[in-house]
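A short worksheet on the structure shown next.
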Amino acid sequence: MQRLNKPEIILALDVDTLEKARYFVEKLYPRIKSFKIGSQLFTAYGPEAVNMVVKKGGRVFLDLKFHDIPKTVHKAVISGSSIGIPMVVSGSAEIGKEAKQAVSLPIFMMTVHIKGGQAMLEEAARGAKEAAEKLKITKPFIVGVTCLTSDDSKKDTLKEVLQAAELAKKSGLDGVVCSALEAAQVRKACGADFIIVTPGIRSSKDALNDQKRTADVKSAVKAGSNFLVIGRPILEANDPIAKTEELLGDL
Ligand code: C5P
């Protein structure tokens, strides 16, 4: 996995209108270069939301947490890989000249639920590879969700997360989503090239909201996180730019 640079903040665009999402992208890009589009925004606006981010210069982490039969997830990953690439004929692998020249990858990362099982995870990984070959794009990362960070920490959470991470790795995924509390152990078990995405980032001054297994930026980075997904602490800040600067300062 050669494309991992230093840790990066991803802003979760968990808002209900495209206008609000555009407002945050315009305000925060290029301080923040990657934006998470999840179920809320994608269900309402679909590819339009992705295109909006790409037009402003950002790249997208499409967090739809696929969990379905292997074939459906395979196809969903292929569909996701082609969103935002110019001239892609919907649903097919035909591409035009412009797409061949595409330098940046609009959707650089997608999620699946590890609970979907090995066959589903393998199909997701295969879908990303196939799409990259057909579309002549860099392969998007596929990362698996271990346990949601809104779940309470239980006696066996760490064990569950580690088992899930090992299954993800064995099945050909690029990495996992886990809380910063488990990140160091995942890094140890899965190696330096395995991507670790950590949501639930909070400073002591921030509201926890529904998050339970939280950590601050410094601890997440120390634990080995590559991508820190942050939503409400920035979206609900009185001054989102100042809040972003503060969080970036801790990177
Ligand atoms: O607002 P907040 O910073 O809590 O947002 C965290 C984001 O990370 C949300 O978009 C949520 O869907 C996502 N997420 C999470 N826990 C996971 C996977 C994703 O909180 N395990």
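So you can find residues: chains in the structure tokens are A, B, ... in the order shown, residues in each start at 1, and ligands are numbered from 1 in order.
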Residues at most 8 Å from Asp14 of chain A, counting only C-alpha atoms, excluding those fewer than 4 positions away in the same chain, as an MDAnalysis selection string? chainID A and resid 21 37:38 40:41 231
Could those residues be written to a file, using N, CA and C atoms, as a short mmCIF file (atom, residue, chain, number, x, y, z; two decimals), in the first residue's frame?
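Written output follows (part-v1.cif):
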data_model
loop_
_atom_site.label_atom_id
_atom_site.label_comp_id
_atom_site.auth_asym_id
_atom_site.auth_seq_id
_atom_site.Cartn_x
_atom_site.Cartn_y
_atom_site.Cartn_z
N ALA A 21 -23.77 20.98 2.49
CA ALA A 21 -22.54 20.23 2.19
C ALA A 21 -21.59 21.11 1.39
N ILE A 37 -18.91 11.10 2.31
CA ILE A 37 -20.34 11.14 1.99
C ILE A 37 -20.91 9.82 2.47
N GLY A 38 -21.87 9.92 3.39
CA GLY A 38 -22.46 8.71 3.97
C GLY A 38 -23.91 8.57 3.56
N GLN A 40 -26.72 9.54 4.76
CA GLN A 40 -27.66 10.67 4.80
C GLN A 40 -27.61 11.49 3.50
N LEU A 41 -26.43 11.92 3.13
CA LEU A 41 -26.31 12.79 1.95
C LEU A 41 -26.50 11.99 0.65
N GLY A 231 -16.91 14.65 12.17
CA GLY A 231 -18.14 15.28 11.69
C GLY A 231 -18.56 16.41 12.60
#
I'd like the neighbourhood of Tyr29 of chain A as a short mmCIF file (atom, residue, chain, number, x, y, z; two decimals) with N, CA, C and O atoms, in the first residue's frame, where a residue qualifies if any of its atoms comes within 12 Å (using only C-alpha atoms), though same-chain residues fewer than 2 positions away should be ignored.
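The result, stored in result_22.cif:
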data_model
loop_
_atom_site.label_atom_id
_atom_site.label_comp_id
_atom_site.auth_asym_id
_atom_site.auth_seq_id
_atom_site.Cartn_x
_atom_site.Cartn_y
_atom_site.Cartn_z
N ILE A 9 -7.19 14.34 8.04
CA ILE A 9 -8.57 14.46 8.55
C ILE A 9 -9.54 14.39 7.39
O ILE A 9 -9.34 15.01 6.34
N ILE A 10 -10.60 13.60 7.56
CA ILE A 10 -11.69 13.55 6.58
C ILE A 10 -12.91 14.18 7.24
O ILE A 10 -13.30 13.77 8.35
N LEU A 11 -13.51 15.15 6.58
CA LEU A 11 -14.72 15.76 7.15
C LEU A 11 -15.95 14.93 6.74
O LEU A 11 -16.19 14.71 5.55
N ALA A 21 -23.77 20.98 2.49
CA ALA A 21 -22.54 20.23 2.19
C ALA A 21 -21.59 21.11 1.39
O ALA A 21 -20.39 21.19 1.69
N ARG A 22 -22.13 21.81 0.40
CA ARG A 22 -21.30 22.70 -0.44
C ARG A 22 -20.67 23.81 0.42
O ARG A 22 -19.50 24.14 0.26
N TYR A 23 -21.46 24.34 1.34
CA TYR A 23 -20.98 25.39 2.23
C TYR A 23 -19.72 24.93 2.98
O TYR A 23 -18.71 25.64 3.03
N PHE A 24 -19.78 23.71 3.53
CA PHE A 24 -18.62 23.23 4.30
C PHE A 24 -17.43 22.92 3.40
O PHE A 24 -16.28 23.16 3.78
N VAL A 25 -17.69 22.38 2.21
CA VAL A 25 -16.57 22.07 1.30
C VAL A 25 -15.90 23.38 0.88
O VAL A 25 -14.66 23.51 0.93
N GLU A 26 -16.72 24.37 0.51
CA GLU A 26 -16.15 25.66 0.08
C GLU A 26 -15.37 26.33 1.20
O GLU A 26 -14.32 26.91 1.00
N LYS A 27 -15.91 26.22 2.41
CA LYS A 27 -15.28 26.86 3.56
C LYS A 27 -13.95 26.17 3.94
O LYS A 27 -13.00 26.83 4.31
N ARG A 31 -7.97 23.19 3.26
CA ARG A 31 -7.45 22.76 4.57
C ARG A 31 -7.76 21.28 4.74
O ARG A 31 -6.95 20.50 5.19
N ILE A 32 -9.00 20.93 4.40
CA ILE A 32 -9.41 19.52 4.38
C ILE A 32 -9.58 19.14 2.91
O ILE A 32 -10.24 19.85 2.15
N LYS A 33 -8.96 18.02 2.52
CA LYS A 33 -8.99 17.63 1.10
C LYS A 33 -9.93 16.46 0.83
O LYS A 33 -10.32 16.21 -0.31
N SER A 34 -10.30 15.73 1.89
CA SER A 34 -11.15 14.55 1.70
C SER A 34 -12.43 14.70 2.49
O SER A 34 -12.43 15.17 3.64
N PHE A 35 -13.54 14.30 1.87
CA PHE A 35 -14.85 14.49 2.47
C PHE A 35 -15.61 13.16 2.45
O PHE A 35 -15.63 12.48 1.44
N VAL A 53 -18.38 17.69 -4.60
CA VAL A 53 -17.09 17.69 -3.89
C VAL A 53 -15.93 17.69 -4.90
O VAL A 53 -14.97 18.45 -4.78
N VAL A 54 -16.07 16.85 -5.92
CA VAL A 54 -14.99 16.71 -6.90
C VAL A 54 -14.78 18.04 -7.65
O VAL A 54 -13.66 18.46 -7.90
N LYS A 55 -15.90 18.70 -7.98
CA LYS A 55 -15.81 19.98 -8.70
C LYS A 55 -15.06 21.05 -7.89
O LYS A 55 -14.37 21.90 -8.42
N LYS A 56 -15.20 20.95 -6.59
CA LYS A 56 -14.51 21.92 -5.72
C LYS A 56 -13.05 21.52 -5.48
O LYS A 56 -12.33 22.20 -4.77
N GLY A 57 -12.66 20.36 -5.98
CA GLY A 57 -11.25 19.95 -5.85
C GLY A 57 -11.03 18.84 -4.84
O GLY A 57 -9.93 18.31 -4.73
N GLY A 58 -12.07 18.48 -4.08
CA GLY A 58 -11.90 17.47 -3.03
C GLY A 58 -12.02 16.05 -3.56
O GLY A 58 -12.36 15.81 -4.72
N ARG A 59 -11.74 15.10 -2.70
CA ARG A 59 -11.96 13.70 -3.05
C ARG A 59 -12.90 13.10 -2.02
O ARG A 59 -13.08 13.64 -0.92
N PRO A 240 -16.18 26.89 12.17
CA PRO A 240 -15.64 25.64 11.63
C PRO A 240 -14.19 25.75 11.16
O PRO A 240 -13.42 24.79 11.28
N ILE A 241 -13.80 26.94 10.66
CA ILE A 241 -12.41 27.08 10.19
C ILE A 241 -11.45 27.03 11.39
O ILE A 241 -10.46 26.29 11.37
N THR A 244 -11.23 23.54 12.67
CA THR A 244 -10.41 22.70 11.78
C THR A 244 -8.93 22.99 12.00
O THR A 244 -8.12 22.07 12.09
N GLU A 245 -8.59 24.27 12.10
CA GLU A 245 -7.17 24.64 12.33
C GLU A 245 -6.66 24.02 13.62
O GLU A 245 -5.55 23.52 13.70
#
- Message: Which of segment 15-130 of chain A end up as alpha helix (DSSP H) when DSSP is run on this backbone - answer as a VMD selection string?
- Response: chain A and resid 18 to 28 39 to 45 47 to 55 70 to 82 97 to 100 118 to 130
Test item: residues lying within 6 Å of ligand 1 with only C-alpha atoms and all ligand atoms, as an mmCIF file with C-alpha atoms, in the first residue's frame:
data_model
loop_
_atom_site.group_PDB
_atom_site.id
_atom_site.type_symbol
_atom_site.label_atom_id
_atom_site.label_comp_id
_atom_site.auth_asym_id
_atom_site.auth_seq_id
_atom_site.Cartn_x
_atom_site.Cartn_y
_atom_site.Cartn_z
ATOM 1 C CA ALA A 12 -17.955 13.745 7.455
ATOM 2 C CA ASP A 14 -23.423 14.479 7.625
ATOM 3 C CA VAL A 145 -16.256 -1.638 9.342
ATOM 4 C CA CYS A 147 -17.573 -2.373 15.343
ATOM 5 C CA LEU A 148 -19.389 0.955 15.255
ATOM 6 C CA THR A 149 -17.819 3.602 17.464
ATOM 7 C CA VAL A 177 -12.639 1.320 10.316
ATOM 8 C CA CYS A 178 -12.244 1.013 14.079
ATOM 9 C CA PRO A 199 -14.166 7.978 13.584
ATOM 10 C CA GLY A 200 -15.299 9.108 17.023
ATOM 11 C CA ILE A 201 -12.624 11.792 17.306
ATOM 12 C CA GLN A 211 -20.137 8.286 20.212
ATOM 13 C CA VAL A 229 -13.153 10.949 10.302
ATOM 14 C CA ILE A 230 -14.596 14.006 12.033
ATOM 15 C CA GLY A 231 -18.135 15.284 11.691
ATOM 16 C CA ARG A 232 -20.029 17.113 14.404
#
Check your understanding: What separation in Å, quoted to one decimal, exists between atom CA of Ile142 of chain A and atom CA of Val60 of chain A?
Key ->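 For atom CA of Ile142 of chain A relative to atom CA of Val60 of chain A, the distance reads 12.7 Å.
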Nearest to His113 of chain A, chosen from A:Asp68, A:Asp239, A:Asp174, A:Asp210, with only C-alpha atoms counted in the distances:
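Among the listed residues, A:Asp68 lies closest to His113 of chain A.
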Using only C-alpha atoms, the shortest atom-to-atom distance to Ser171 of chain A among A:Ala124, A:Ile69, A:Leu235, A:Ile107 belongs to A:Ala124
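The two atoms in question, atom CA of Glu246 of chain A and atom CA of Lys212 of chain A, are spaced 22.2 Å apart.
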Expressed in Å, the length from atom CA of Ala76 of chain A to atom CA of Glu19 of chain A is 26.4 Å
Which residues come within 12 Å of Val73 of chain A, counting only C-alpha atoms, excluding same-chain residues fewer than 4 positions away, as a count of residues only?
28
I'd like the contact shell of Ile137 of chain A - 7 Å cut-off, only C-alpha atoms, skipping same-chain residues fewer than 3 positions apart - returned as a list of chain:residue names. A:Leu105, A:Ala132, A:Glu133
Got time to write the residues from that selection, all heavy atoms, as an mmCIF file, in the first residue's frame?
data_model
loop_
_atom_site.group_PDB
_atom_site.id
_atom_site.type_symbol
_atom_site.label_atom_id
_atom_site.label_comp_id
_atom_site.auth_asym_id
_atom_site.auth_seq_id
_atom_site.Cartn_x
_atom_site.Cartn_y
_atom_site.Cartn_z
ATOM 1 N N LEU A 105 -8.749 10.395 -8.478
ATOM 2 C CA LEU A 105 -9.809 9.424 -8.294
ATOM 3 C C LEU A 105 -10.903 10.078 -7.456
ATOM 4 O O LEU A 105 -10.672 10.448 -6.318
ATOM 5 C CB LEU A 105 -9.199 8.236 -7.552
ATOM 6 C CG LEU A 105 -10.004 6.990 -7.405
ATOM 7 C CD1 LEU A 105 -10.374 6.422 -8.761
ATOM 8 C CD2 LEU A 105 -9.186 5.964 -6.631
ATOM 9 N N ALA A 132 -10.994 -0.779 -11.395
ATOM 10 C CA ALA A 132 -9.765 -0.015 -11.652
ATOM 11 C C ALA A 132 -9.148 -0.419 -12.983
ATOM 12 O O ALA A 132 -8.715 0.435 -13.771
ATOM 13 C CB ALA A 132 -8.774 -0.231 -10.521
ATOM 14 N N GLU A 133 -9.161 -1.728 -13.258
ATOM 15 C CA GLU A 133 -8.575 -2.191 -14.525
ATOM 16 C C GLU A 133 -9.385 -1.697 -15.711
ATOM 17 O O GLU A 133 -8.857 -1.186 -16.687
ATOM 18 C CB GLU A 133 -8.501 -3.723 -14.528
ATOM 19 C CG GLU A 133 -7.265 -4.223 -13.797
ATOM 20 C CD GLU A 133 -7.377 -5.681 -13.375
ATOM 21 O OE1 GLU A 133 -8.252 -6.414 -13.904
ATOM 22 O OE2 GLU A 133 -6.587 -6.093 -12.486
#
query = Closest to Leu18 of chain A among A:Pro30, A:Val50, A:Lys36, A:Leu173, using only C-alpha atoms?
reply =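 Between A:Pro30, A:Val50, A:Lys36, A:Leu173, the residue approaching Leu18 of chain A most closely is A:Val50.
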